[in-house]
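Single-structure report; data block below.
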Amino acid sequence: MALPTPAELRGDLPLSATLRDRVEAQRQEIQDILAGHDDRLLVVVGPCSIHDPQAAMEYAQRLKSLADSVRDRLLLVMRVYVEKPRTTVGWKGMAYDPGLNGSGDMRRGLEVSRKLMRDIVELGLPVATEILQPMITSYLDDLLAWVAIGARTTESQLHRELASGLEAIVGFKNATSGDVQVALDAMQSAAHPHQHFAIGSDGRPMMKITQGNPHTHLVLRGGHGQPNYDADSVAAARRAITSAGLAPRLMVDCSHANARKDHRRQSEVLLDVLNQRVAGDTSLVGVMLESHLHEGKQPLQPGKLRYGVSVTDACIGWETTEHLLNLAAERLSQA
């Protein structure tokens, strides 16, 4: 199957000058938080993965209303993950298989992914995603305010080179073992210029020259089933960041090993992070939450799917999400 070039897809689903300015302003807000010029908490929140654009837009509309009400203390960024890493095999995400049936209609997957992200930007929400396949980047990167490089790919030279050329802010997760050094190495690498192989907007191979991305940070996600969000682990990570000559700015992923793979424990993690922030730890600049319209997860069975329920990792539901974020805003406003 022939795919459109990035230039062709961007031409079919263009970003207006108004939206380009909006994305730039959203990135600047996040940069200001990382730089310590804005004391709000950055919150990257949304479904583990997107499989239903209609449910994703309903979630986005709810999140936009909540974002407006807590904007004094929180900056909400929506997770719009259209790729998913697989330990062995499985559904790789909407960009790969939007039909959820193994047909692999990547042309439609790219179109649906770009349109959804553009629609969410039009609502006024910043968009976040995880980049796994470097070739996908040029189809979507003009829409992205924040990008995750996951625990399995943080050590990848390709992803470090990719991050060095992004205008979005990049969060590097610690390794699945819990090791933070690989993420610090990645941050240092991404901050430098690179020359690397890439695919141009016309679909042709090219040598890309990047200027380096100074807007990166560490994401603590736990490792080997053990959490690393507690005050001692955060202090150790902060010391390692400082020793590496990097700005001590880090985010806690409330899911994955930090929640011991129990989505309900994300609440515990968030509350602990809030306590650390209220106690004066300004190095904790952000959190991540996996959240959907309804709690839990479901097996991928086309034709039998429950609306607004994750088909990958289990998520907290909207009511819990709304309660937690309102509580976070209240706690931080009293600090």
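So you can find residues: chains in the structure tokens are A, B, ... in the order shown, residues in each start at 1, and ligands are numbered from 1 in order.
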
Extract, using only C-alpha atoms, all DNA, RNA and protein residues at most 10 Å from A:Gln61, discarding same-chain residues fewer than 3 positions from it, and format them as an MDAnalysis selection string. chainID A and resid 55:58 64:67 120 123:125

Quick one: residues within 10 Å of stretch 85-94 of chain A, only C-alpha atoms counted, chain neighbours fewer than 2 positions away excluded, as a PDB file with N, CA and C atoms, in the first residue's frame?
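Once everything was written out, this is around11.pdb:
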ATOM      1  N   SER A  49      -4.416   4.773  25.001  1.00  0.00           N
ATOM      2  CA  SER A  49      -4.292   4.850  23.541  1.00  0.00           C
ATOM      3  C   SER A  49      -5.637   5.271  22.975  1.00  0.00           C
ATOM      4  N   ILE A  50      -5.594   5.813  21.770  1.00  0.00           N
ATOM      5  CA  ILE A  50      -6.821   6.228  21.077  1.00  0.00           C
ATOM      6  C   ILE A  50      -7.219   5.143  20.093  1.00  0.00           C
ATOM      7  N   HIS A  51      -8.429   4.641  20.221  1.00  0.00           N
ATOM      8  CA  HIS A  51      -8.916   3.680  19.222  1.00  0.00           C
ATOM      9  C   HIS A  51     -10.237   4.124  18.593  1.00  0.00           C
ATOM     10  N   ASP A  52     -10.909   5.099  19.219  1.00  0.00           N
ATOM     11  CA  ASP A  52     -12.210   5.574  18.744  1.00  0.00           C
ATOM     12  C   ASP A  52     -12.180   7.103  18.732  1.00  0.00           C
ATOM     13  N   PRO A  53     -12.061   7.719  17.555  1.00  0.00           N
ATOM     14  CA  PRO A  53     -11.991   9.181  17.494  1.00  0.00           C
ATOM     15  C   PRO A  53     -13.198   9.877  18.101  1.00  0.00           C
ATOM     16  N   TYR A  81      -2.393   9.286  22.006  1.00  0.00           N
ATOM     17  CA  TYR A  81      -1.408   8.266  21.641  1.00  0.00           C
ATOM     18  C   TYR A  81      -1.977   7.397  20.524  1.00  0.00           C
ATOM     19  N   VAL A  82      -1.368   7.506  19.344  1.00  0.00           N
ATOM     20  CA  VAL A  82      -1.840   6.755  18.179  1.00  0.00           C
ATOM     21  C   VAL A  82      -0.886   5.625  17.800  1.00  0.00           C
ATOM     22  N   GLU A  83       0.172   5.450  18.601  1.00  0.00           N
ATOM     23  CA  GLU A  83       1.085   4.313  18.482  1.00  0.00           C
ATOM     24  C   GLU A  83       1.221   3.696  19.869  1.00  0.00           C
ATOM     25  N   TYR A  96      -1.633   2.592  12.861  1.00  0.00           N
ATOM     26  CA  TYR A  96      -1.317   1.355  12.147  1.00  0.00           C
ATOM     27  C   TYR A  96      -2.568   0.608  11.696  1.00  0.00           C
ATOM     28  N   ASP A  97      -3.578   0.586  12.557  1.00  0.00           N
ATOM     29  CA  ASP A  97      -4.742  -0.264  12.298  1.00  0.00           C
ATOM     30  C   ASP A  97      -6.008   0.402  12.824  1.00  0.00           C
ATOM     31  N   PRO A  98      -6.486   1.433  12.120  1.00  0.00           N
ATOM     32  CA  PRO A  98      -7.662   2.154  12.618  1.00  0.00           C
ATOM     33  C   PRO A  98      -8.932   1.314  12.598  1.00  0.00           C
ATOM     34  N   GLY A  99      -8.949   0.270  11.794  1.00  0.00           N
ATOM     35  CA  GLY A  99     -10.124  -0.597  11.747  1.00  0.00           C
ATOM     36  C   GLY A  99     -10.183  -1.606  12.866  1.00  0.00           C
ATOM     37  N   LEU A 100      -9.114  -1.711  13.654  1.00  0.00           N
ATOM     38  CA  LEU A 100      -9.041  -2.623  14.803  1.00  0.00           C
ATOM     39  C   LEU A 100      -9.216  -4.079  14.393  1.00  0.00           C
ATOM     40  N   ASN A 101      -8.913  -4.391  13.141  1.00  0.00           N
ATOM     41  CA  ASN A 101      -9.201  -5.733  12.631  1.00  0.00           C
ATOM     42  C   ASN A 101      -8.012  -6.381  11.939  1.00  0.00           C
ATOM     43  N   GLY A 102      -6.828  -5.791  12.079  1.00  0.00           N
ATOM     44  CA  GLY A 102      -5.649  -6.366  11.448  1.00  0.00           C
ATOM     45  C   GLY A 102      -5.471  -6.027   9.983  1.00  0.00           C
ATOM     46  N   GLY A 104      -4.547  -3.225   8.704  1.00  0.00           N
ATOM     47  CA  GLY A 104      -3.350  -2.408   8.520  1.00  0.00           C
ATOM     48  C   GLY A 104      -3.526  -1.283   7.522  1.00  0.00           C
ATOM     49  N   ASP A 105      -4.641  -0.586   7.582  1.00  0.00           N
ATOM     50  CA  ASP A 105      -4.895   0.528   6.662  1.00  0.00           C
ATOM     51  C   ASP A 105      -4.170   1.773   7.187  1.00  0.00           C
ATOM     52  N   MET A 106      -2.863   1.809   6.962  1.00  0.00           N
ATOM     53  CA  MET A 106      -2.055   2.891   7.517  1.00  0.00           C
ATOM     54  C   MET A 106      -2.346   4.238   6.865  1.00  0.00           C
ATOM     55  N   ARG A 108      -5.317   5.379   6.037  1.00  0.00           N
ATOM     56  CA  ARG A 108      -6.436   5.920   6.819  1.00  0.00           C
ATOM     57  C   ARG A 108      -5.987   6.216   8.240  1.00  0.00           C
ATOM     58  N   GLY A 109      -5.116   5.384   8.792  1.00  0.00           N
ATOM     59  CA  GLY A 109      -4.635   5.608  10.145  1.00  0.00           C
ATOM     60  C   GLY A 109      -3.942   6.952  10.287  1.00  0.00           C
ATOM     61  N   LEU A 110      -3.110   7.302   9.327  1.00  0.00           N
ATOM     62  CA  LEU A 110      -2.432   8.597   9.356  1.00  0.00           C
ATOM     63  C   LEU A 110      -3.433   9.737   9.215  1.00  0.00           C
ATOM     64  N   VAL A 112      -6.726   9.741   9.955  1.00  0.00           N
ATOM     65  CA  VAL A 112      -7.573   9.863  11.140  1.00  0.00           C
ATOM     66  C   VAL A 112      -6.779  10.461  12.303  1.00  0.00           C
ATOM     67  N   SER A 113      -5.522  10.041  12.436  1.00  0.00           N
ATOM     68  CA  SER A 113      -4.689  10.540  13.535  1.00  0.00           C
ATOM     69  C   SER A 113      -4.444  12.034  13.398  1.00  0.00           C
ATOM     70  N   GLU A 130       3.235   9.790  22.165  1.00  0.00           N
ATOM     71  CA  GLU A 130       4.509   9.079  22.218  1.00  0.00           C
ATOM     72  C   GLU A 130       4.907   8.723  20.796  1.00  0.00           C
ATOM     73  N   ILE A 131       6.152   8.992  20.459  1.00  0.00           N
ATOM     74  CA  ILE A 131       6.643   8.669  19.122  1.00  0.00           C
ATOM     75  C   ILE A 131       7.456   7.380  19.186  1.00  0.00           C
ATOM     76  N   LEU A 132       6.990   6.390  18.435  1.00  0.00           N
ATOM     77  CA  LEU A 132       7.698   5.119  18.326  1.00  0.00           C
ATOM     78  C   LEU A 132       8.379   4.981  16.978  1.00  0.00           C
ATOM     79  N   GLN A 133       7.635   5.184  15.901  1.00  0.00           N
ATOM     80  CA  GLN A 133       8.145   5.038  14.545  1.00  0.00           C
ATOM     81  C   GLN A 133       8.597   6.410  14.036  1.00  0.00           C
ATOM     82  N   GLY A 150       9.479   6.706  25.078  1.00  0.00           N
ATOM     83  CA  GLY A 150       9.148   5.702  26.079  1.00  0.00           C
ATOM     84  C   GLY A 150      10.344   4.980  26.663  1.00  0.00           C
ATOM     85  N   ALA A 151      10.056   4.184  27.690  1.00  0.00           N
ATOM     86  CA  ALA A 151      11.109   3.480  28.426  1.00  0.00           C
ATOM     87  C   ALA A 151      11.887   2.526  27.523  1.00  0.00           C
ATOM     88  N   ARG A 152      11.232   1.960  26.524  1.00  0.00           N
ATOM     89  CA  ARG A 152      11.900   1.013  25.636  1.00  0.00           C
ATOM     90  C   ARG A 152      12.733   1.692  24.563  1.00  0.00           C
ATOM     91  N   THR A 153      12.481   2.982  24.307  1.00  0.00           N
ATOM     92  CA  THR A 153      13.160   3.671  23.205  1.00  0.00           C
ATOM     93  C   THR A 153      14.048   4.827  23.656  1.00  0.00           C
ATOM     94  N   LEU A 300      -9.823  -6.461  22.786  1.00  0.00           N
ATOM     95  CA  LEU A 300     -10.075  -5.888  21.463  1.00  0.00           C
ATOM     96  C   LEU A 300     -10.937  -6.857  20.660  1.00  0.00           C
ATOM     97  N   VAL A 311      -8.660  -0.087  25.201  1.00  0.00           N
ATOM     98  CA  VAL A 311      -8.368  -1.425  24.681  1.00  0.00           C
ATOM     99  C   VAL A 311      -6.910  -1.794  24.936  1.00  0.00           C
ATOM    100  N   THR A 312      -6.173  -0.921  25.610  1.00  0.00           N
ATOM    101  CA  THR A 312      -4.788  -1.248  25.981  1.00  0.00           C
ATOM    102  C   THR A 312      -4.705  -1.224  27.508  1.00  0.00           C
TER     103      THR A 312
END

Quick one: pull the distance between atom CA of A:Val121 and atom CA of A:Glu322, Å, one decimal. 20.5 Å

For the structure I just gave you, how does DSSP split stretch 16-103 of chain A - specifically, which residues are alpha helix (DSSP H)? Reply as a ChimeraX atom specification. /A:17-35,53-70

Hey, can you spit out that residue selection with C-alpha atoms as a CSV table (one decimal), in the first residue's frame?
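Writing the result to selection14.csv gives the following:
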chain,number,residue,atom,x,y,z
A,17,ALA,CA,-1.9,30.2,10.7
A,18,THR,CA,-4.1,30.7,13.7
A,19,LEU,CA,-3.6,27.1,14.8
A,20,ARG,CA,0.2,27.2,14.2
A,21,ASP,CA,0.4,30.2,16.5
A,22,ARG,CA,-1.7,28.3,19.0
A,23,VAL,CA,0.6,25.3,19.0
A,24,GLU,CA,3.6,27.6,19.4
A,25,ALA,CA,2.0,29.4,22.3
A,26,GLN,CA,1.1,26.0,23.9
A,27,ARG,CA,4.8,24.9,23.6
A,28,GLN,CA,5.9,28.2,25.2
A,29,GLU,CA,3.6,27.6,28.2
A,30,ILE,CA,5.2,24.2,28.8
A,31,GLN,CA,8.7,25.6,28.3
A,32,ASP,CA,7.9,28.3,30.9
A,33,ILE,CA,6.9,25.6,33.4
A,34,LEU,CA,10.2,23.7,32.8
A,35,ALA,CA,12.1,27.0,33.1
A,53,PRO,CA,-12.0,9.2,17.5
A,54,GLN,CA,-15.6,9.9,18.6
A,55,ALA,CA,-14.9,8.9,22.2
A,56,ALA,CA,-11.6,10.8,22.0
A,57,MET,CA,-13.4,14.0,21.0
A,58,GLU,CA,-16.0,13.6,23.8
A,59,TYR,CA,-13.1,13.2,26.2
A,60,ALA,CA,-11.3,16.2,24.7
A,61,GLN,CA,-14.4,18.4,25.1
A,62,ARG,CA,-14.8,17.4,28.8
A,63,LEU,CA,-11.1,18.0,29.4
A,64,LYS,CA,-11.2,21.4,27.8
A,65,SER,CA,-13.9,22.5,30.1
A,66,LEU,CA,-12.0,21.2,33.1
A,67,ALA,CA,-8.8,22.8,31.8
A,68,ASP,CA,-10.4,26.2,31.7
A,69,SER,CA,-11.6,25.8,35.3
A,70,VAL,CA,-8.3,24.8,36.8

Closest atom pairs, residues of stretch 31-139 of chain A within 8 Å of stretch 287-293 of chain A, only C-alpha atoms, as a tab-separated table:
residue	atom	partner	partner_atom	distance
A:Leu41	CA	A:Val287	CA	7.6
A:Leu42	CA	A:Val287	CA	6.4
A:Val43	CA	A:Val287	CA	5.1
A:Val44	CA	A:Met288	CA	4.7
A:Val45	CA	A:Leu289	CA	4.8
A:Gly46	CA	A:Ser291	CA	4.7
A:Pro47	CA	A:His292	CA	4.9
A:Cys48	CA	A:Glu290	CA	5.3
A:Ala55	CA	A:Leu293	CA	7.6
A:Tyr59	CA	A:Leu293	CA	6.3

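For A:Ala314, the non-local neighbours within 7 Å, defined as residues at least 3 positions apart in the same chain or in other chains and counting only C-alpha atoms, are His263, Gly296, Lys297 and Ser310 of chain A.
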
Could you turn the residues from that selection into a file that holds N, CA and C atoms, as a PDB file, in the first residue's frame?
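Heads up, here's the output in again-v4.pdb:
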ATOM      1  N   HIS A 263      -4.350   0.474  37.769  1.00  0.00           N
ATOM      2  CA  HIS A 263      -4.734   1.831  37.367  1.00  0.00           C
ATOM      3  C   HIS A 263      -5.354   2.622  38.517  1.00  0.00           C
ATOM      4  N   GLY A 296     -11.245   1.195  33.537  1.00  0.00           N
ATOM      5  CA  GLY A 296     -10.868  -0.165  33.191  1.00  0.00           C
ATOM      6  C   GLY A 296     -10.341  -0.323  31.779  1.00  0.00           C
ATOM      7  N   LYS A 297     -10.391  -1.551  31.303  1.00  0.00           N
ATOM      8  CA  LYS A 297      -9.974  -1.875  29.939  1.00  0.00           C
ATOM      9  C   LYS A 297     -10.841  -3.021  29.443  1.00  0.00           C
ATOM     10  N   SER A 310     -10.784   1.773  27.461  1.00  0.00           N
ATOM     11  CA  SER A 310      -9.495   1.501  26.841  1.00  0.00           C
ATOM     12  C   SER A 310      -9.399   0.072  26.306  1.00  0.00           C
TER      13      SER A 310
END

Please list as a PDB file with C-alpha atoms, in the first residue's frame every residue within 12 Å of A:Ala235, counting only C-alpha atoms and excluding residues in the same chain fewer than 3 positions away.
ATOM      1  CA  LEU A 220       9.885   8.798  36.360  1.00  0.00           C
ATOM      2  CA  ASN A 228      10.178   5.645  42.008  1.00  0.00           C
ATOM      3  CA  TYR A 229       7.837   8.551  42.793  1.00  0.00           C
ATOM      4  CA  ASP A 230       8.456   8.659  46.564  1.00  0.00           C
ATOM      5  CA  ALA A 231      10.397  11.558  48.066  1.00  0.00           C
ATOM      6  CA  ASP A 232      13.643   9.575  48.403  1.00  0.00           C
ATOM      7  CA  ARG A 238      17.174  15.235  41.230  1.00  0.00           C
ATOM      8  CA  ARG A 239      20.756  14.712  42.405  1.00  0.00           C
ATOM      9  CA  ALA A 240      21.534  12.661  39.302  1.00  0.00           C
ATOM     10  CA  ILE A 241      20.040  15.336  37.035  1.00  0.00           C
ATOM     11  CA  THR A 242      22.034  18.087  38.735  1.00  0.00           C
ATOM     12  CA  PRO A 248      16.350  19.651  37.851  1.00  0.00           C
ATOM     13  CA  ARG A 249      12.928  19.348  36.271  1.00  0.00           C
ATOM     14  CA  LEU A 250      11.071  16.056  36.323  1.00  0.00           C
ATOM     15  CA  GLN A 276       5.877  16.748  47.823  1.00  0.00           C
ATOM     16  CA  ASP A 281       9.746  20.453  45.954  1.00  0.00           C
ATOM     17  CA  THR A 282       9.659  22.661  42.852  1.00  0.00           C
ATOM     18  CA  SER A 283      11.632  20.129  40.803  1.00  0.00           C
ATOM     19  CA  LEU A 284       8.386  18.159  40.360  1.00  0.00           C
TER      20      LEU A 284
END

Excluding same-chain residues fewer than 2 positions from A:Leu166, what lies within 10 Å of it counting only C-alpha atoms, as number ranges by chain? A: 137-138, 141-142, 144-147, 161-164, 168-170, 190, 210-213, 215

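Between A:Leu143 and the residues A:Gln301, A:Asn174, A:Gln334, A:Ser16, the shortest atom-to-atom distance, using only C-alpha atoms, involves A:Ser16.
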
Could you write out, as an MDAnalysis selection string, all the residues of stretch 37-244 of chain A that DSSP marks as strand (DSSP E)? chainID A and resid 41:46 74:79 127:130 146:149 169:173 194:199 205:210 216:220

Nearest to A:Pro205, chosen from A:Leu274, A:Arg10, A:Thr5, A:Gly286, with only C-alpha atoms counted in the distances: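 For A:Pro205, the nearest of the candidates is A:Thr5.
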